[in-house]
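Shown next, in structure tokens, is the structure this report addresses.
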Amino acid sequence: MHCSEGHYQVGHPRVTNSQWQEPAARDFNLFKGNIGNWFESLFNLSSLEVPQSFEECWRHHTREGTNDPDIYCQGSCQKMEFVSWIPSVLIIRPGVSEEGKQPDWDFPCAMYLDTKSSSKKSGAVYKLVGRMFSNGTHFRCITLIPTTGGKSVAFLYDGMEHNGYAQQLKGKIADLLGGKTSLSGYHTVCSFYSLEGGVNAQKKFHQDCIKTAREKLDIQLDGTNSATLVKAGYRVMKVEETKRWKPHYSVTEYQQTDSDQQVIQSISPHSNASSGCPVTPSRTILSSSPPPSSPLPILCQCGTENDGHRDSVKQDTVQCDQCQRWSHLACLVNRLEPTIEGAFICHVCSGQSLLASKRLEIRPPNCTQMLQDVANRLYAGRTVLLQMTARDKFYYPGRLLHGEKGKWTVKMWRGIKHENANKILEGIPISRIVDGLYGNREGRQAIRLGKFTRIHEERDPEDVATDWRAFPYNTEVDKALYKHKITLQEILLSTISSDFSELSVECVPALSLYLEDIDLGYTLPEGYIALTSMFGHPCPSYFTGGITTDDRARILNWIHENVAGIGKDFTAADFELCFAHARTLFLAHSQRETFLEHVKEGSSVQEIECLILQQAWQRLVDFTGKTVDGKDKIQRADVDGEALMILEAAMFDRSAKAGKAGREQWGLDVGPPEDSWWPYDGPEKYAPDIQHATESDLEEGEQCKVIREKIEAENKAKRIEEEKKAPPRPKPKPRFKEKILNSSKEALQKVGELNKGIATEPTEHHLPYQSTRSKRKLVAERENHETEDQHQYKRLRRQRK
């Protein structure tokens, strides 16, 4: 602990044999229900940057009736506690609330003490190996057991079943062991994590802790028995000076030697420690990843809104001079310099639009970008081209997030044709990075482009993020919707037939949009009215308030998997009312306790359920366009798209200013783009001063020619092989029935029994539009008529015999 009045209190490390760790139930919302977030707040060394503040110093008391300033203190203080040693086996037991309820925490299968890549190298990874469940009277356990093949499988042990023998479970380990409680009716008693690196990982963590404490706190740790303040200008206080407030024997106090020096360097998240990249020291912090106890508010235009929650990716941040909130430096893409000079006003305080078309001022570089000078042009927020590995042939776009010791953390563009699309890569060296190489013809000819979707071809990133195929439904969604499966199918059929007589507004509140005589009690938004006029029918699925984007995708996934006929016989428009009611049911299930508070006493069970549904639907409507708790939502900017637009302006500028480098030069020496992609089809082709490439401009190098010819030969061989494997066309079957009719036609005519309606190929007269019922009736009459004709034909044959 340290005080604003100039003294320190350093406690000696406490050694405990307990391996139990208990996250309190009251902290469930603080850590967003994820044990991984709670784990990072305890064991991640970046927590050394964020102390806990107190209004009064530990010396502040008047127990002896005196306020002697040499003894007592009127200042404020900050307290810092951190873990310096980690157990080999970590047992986590979630706490119970005062009402006796235990929240359902999400347990990750792996927890990392540092970044994912470095933790794997050092073994500083906690792997989930067991989990115990209880329903209040009975216990069950799932454990991870290694097999002789080197893999691990999950076994369920229940002493009341299978004669006490554990049973192997089928499925993915992450679904069986990790996540929320998978056993219906049970809650998690405790979980067991094993340190993968063992003793070596323990030592590595302790060494890193000693180094971090010395650099950031000026504290020297000596093994596990003592801690010493090594900050210049402080002395150890005597026992006589500290005995009146000293809490226990394992604490040492320090006092400033210079009484005139009153300003003490605060241990705060605004640390000016160097992060290895060119940033303004007075405006940035080392990381946007403080522990959840931090008051550091991050409200970035990329959509990140954290209140003390630790980010998983290390980034530099910059503070707004008006609201004191922080933004990611890498998300401020529309800037020409690596630093923020002068005052910085965030997107909220400035009130500027976040639409890329209004915010961005695309300016091609004013100089030639040479390949050997790339390192001098890199800074957080720029989108560049990079090789993901040294063996890759192609370069793909990605946005720089953080640079340290000559290596960069990069977020790949979501539109690349690669498995790393939209993923974050760490440790990319500068040797594998290039930028737009504006004006550099030779440099561009040496870079082979990987295929990616250009920004003008992109779908709305919200649509990409909410693809229901990428979000399988979870237990909570299944519980909310499964018992209403038949109801959802009936809603679907009613929508198709436009017959809502079997449905009621009380049971399906979203139906109110279809019925004109219902007083909605609210004004429909302009966006909804526009959709209605566009599609010609009400769009109840427009309303999404109170539900996260991921949960909406999971609900769609459940409907696709469980409601009959979707994607086969029906269109997406047929499911509008079904989607809306499914979201209403989900809110009614997840917010049931909240809605019950507004239900009158004495209501019947049916009345209670109807009132809950009505409240859920009203929340779905009222919270649309806002955060899940009903607050005004900050519009999220597509910073990845904006950064790519800036790169594309340099890469594909074909004006006279770009010179010969702007004449489709990428990869002419080393090979064509991936899949023979032609990237020069963007908005730049409509520029008034566009220059067109000539044959001499497009002359390829020998290596490029060889590769292109090889690709063309492979494609040709592939087409030929596909034609060989193609199945032969089916031959028409002989029409024996037609031959029989033709052979007996003359005999039937002689006896005058041939019906005028029978012919070898009966022609069908043009009829006006007929309903389905009329068509079925006409077909039945024809079939009956043909049957009578066949009977007559058989009687004639018998007579001839």
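Residues in the structure tokens are named by chain (A, B, ... in the order shown) and by number from 1 within that chain; ligands are numbered from 1 in the order shown.
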Based on the backbone DSSP call, show me all residues of segment 432-675 of chain A assigned strand (DSSP E or B), as a list in words.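 Reading the DSSP output for segment 432-675 of chain A, strand (DSSP E or B) covers Ile433, Val434, Leu449, Phe452, Lys626, Asp632 and Ser655 of chain A.
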Output file for the residues above (N, CA, C and O atoms, as a PDB file, in the first residue's frame):
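Dumped to again_6.pdb:
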```
ATOM      1  N   ILE A 433       6.053  -8.013 -43.660  1.00  0.00           N
ATOM      2  CA  ILE A 433       5.034  -6.980 -43.745  1.00  0.00           C
ATOM      3  C   ILE A 433       5.415  -5.963 -44.817  1.00  0.00           C
ATOM      4  O   ILE A 433       6.559  -5.533 -44.900  1.00  0.00           O
ATOM      5  N   VAL A 434       4.447  -5.591 -45.658  1.00  0.00           N
ATOM      6  CA  VAL A 434       4.602  -4.478 -46.599  1.00  0.00           C
ATOM      7  C   VAL A 434       3.324  -3.649 -46.555  1.00  0.00           C
ATOM      8  O   VAL A 434       2.272  -4.138 -46.121  1.00  0.00           O
ATOM      9  N   LEU A 449      -0.353 -11.154 -54.508  1.00  0.00           N
ATOM     10  CA  LEU A 449      -1.520 -10.879 -53.679  1.00  0.00           C
ATOM     11  C   LEU A 449      -2.338 -12.140 -53.420  1.00  0.00           C
ATOM     12  O   LEU A 449      -2.588 -12.939 -54.334  1.00  0.00           O
ATOM     13  N   PHE A 452      -8.818 -11.653 -51.623  1.00  0.00           N
ATOM     14  CA  PHE A 452      -9.640 -11.139 -50.524  1.00  0.00           C
ATOM     15  C   PHE A 452     -10.801 -10.333 -51.090  1.00  0.00           C
ATOM     16  O   PHE A 452     -10.758  -9.850 -52.218  1.00  0.00           O
ATOM     17  N   LYS A 626     -30.857  -0.493 -28.900  1.00  0.00           N
ATOM     18  CA  LYS A 626     -30.148  -0.080 -27.697  1.00  0.00           C
ATOM     19  C   LYS A 626     -29.306  -1.246 -27.184  1.00  0.00           C
ATOM     20  O   LYS A 626     -29.273  -2.318 -27.768  1.00  0.00           O
ATOM     21  N   ASP A 632     -28.861   3.769 -24.311  1.00  0.00           N
ATOM     22  CA  ASP A 632     -28.581   4.209 -25.669  1.00  0.00           C
ATOM     23  C   ASP A 632     -27.305   3.558 -26.159  1.00  0.00           C
ATOM     24  O   ASP A 632     -26.265   3.598 -25.492  1.00  0.00           O
ATOM     25  N   SER A 655      -4.525   6.692 -60.984  1.00  0.00           N
ATOM     26  CA  SER A 655      -4.471   8.035 -61.537  1.00  0.00           C
ATOM     27  C   SER A 655      -3.074   8.323 -62.060  1.00  0.00           C
ATOM     28  O   SER A 655      -2.124   7.540 -61.859  1.00  0.00           O
TER      29      SER A 655
END
```
Smallest atom-to-atom distance to Asn334 of chain A: which of A:Glu22, A:Glu642, A:Glu419, A:Glu699, using only C-alpha atoms?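 Checking each candidate against Asn334 of chain A, we get A:Glu642 as the closest.
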Pick from A:Val153, A:Leu113, A:Cys300, A:Cys346 nearest to Ala637 of chain A, counting only C-alpha atoms: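 Comparing A:Val153, A:Leu113, A:Cys300, A:Cys346 against Ala637 of chain A, the winner is A:Cys300.
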Non-local contacts of Asp681 of chain A (12 Å; only C-alpha atoms; under 4 positions in same chain excluded) as a PyMOL selection string: chain A and resi 453-457+648+652-654+664+677+685-687
In Å, how far is it from atom CA of Ser512 of chain A to atom CA of Ser497 of chain A? 17.1 Å
Do you know which residues are at most 6 Å from Glu56 of chain A counting only C-alpha atoms, after dropping those on the same chain fewer than 2 positions away, and could you put them as a ChimeraX atom specification? /A:54,75-76
How far is it from atom CA of Ser88 of chain A to atom CA of Gly36 of chain A, in Å with one decimal?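 Between these atoms lies a distance of 17.2 Å.
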Long-range neighbours of Leu371 of chain A as a list in words, 10 Å cut-off, only C-alpha atoms, 3 positions minimum in chain: Thr368, Val374, Ala375, Ile433, Val434, Asp435, Gly436, Leu437, Tyr438, Asn440, Glu442, Gly443, Arg444 and Ala446 of chain A
Residues just named, written with N, CA and C atoms as a compact mmCIF listing (two decimals), in the first residue's frame:
```txt
# COMPACT_ATOMS: atom_id res chain seq x y z
N THR A 368 6.94 8.28 -52.58
CA THR A 368 7.10 6.89 -53.01
C THR A 368 7.45 6.04 -51.80
N VAL A 374 9.83 0.09 -45.05
CA VAL A 374 8.50 -0.27 -44.52
C VAL A 374 8.44 -0.10 -43.00
N ALA A 375 9.49 -0.51 -42.29
CA ALA A 375 9.47 -0.47 -40.83
C ALA A 375 9.21 0.93 -40.30
N ILE A 433 6.05 -8.01 -43.66
CA ILE A 433 5.03 -6.98 -43.74
C ILE A 433 5.42 -5.96 -44.82
N VAL A 434 4.45 -5.59 -45.66
CA VAL A 434 4.60 -4.48 -46.60
C VAL A 434 3.32 -3.65 -46.56
N ASP A 435 3.41 -2.40 -47.00
CA ASP A 435 2.21 -1.57 -47.07
C ASP A 435 1.80 -1.41 -48.53
N GLY A 436 1.15 -0.32 -48.87
CA GLY A 436 0.64 -0.15 -50.24
C GLY A 436 1.71 0.07 -51.28
N LEU A 437 2.96 0.35 -50.85
CA LEU A 437 4.09 0.57 -51.78
C LEU A 437 3.70 1.56 -52.87
N TYR A 438 3.14 2.67 -52.45
CA TYR A 438 2.64 3.67 -53.40
C TYR A 438 3.79 4.21 -54.26
N ASN A 440 5.81 2.63 -56.07
CA ASN A 440 6.96 1.73 -56.14
C ASN A 440 6.61 0.56 -57.08
N GLU A 442 8.62 -1.53 -58.89
CA GLU A 442 9.42 -2.74 -58.69
C GLU A 442 8.99 -3.47 -57.42
N GLY A 443 8.70 -2.72 -56.37
CA GLY A 443 8.27 -3.35 -55.12
C GLY A 443 6.97 -4.10 -55.28
N ARG A 444 6.01 -3.54 -56.00
CA ARG A 444 4.73 -4.21 -56.21
C ARG A 444 4.87 -5.46 -57.08
N ALA A 446 7.08 -7.53 -57.00
CA ALA A 446 7.67 -8.63 -56.21
C ALA A 446 6.71 -9.16 -55.16
```
Just checking: using only C-alpha atoms, which residue out of A:Gly149, A:Gly602, A:Ser194, A:Glu99 ends up closest to Tyr112 of chain A?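 For Tyr112 of chain A, the nearest of the candidates is A:Ser194.
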Hey, which of A:Ile428, A:Val508, A:Ala232, A:Ala582 ends up closest to Lys485 of chain A? Count only C-alpha atoms. A:Ala582
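Taking atom CA of Val628 of chain A as the reference point, atom CA of Thr495 of chain A is found at 28.6 Å.
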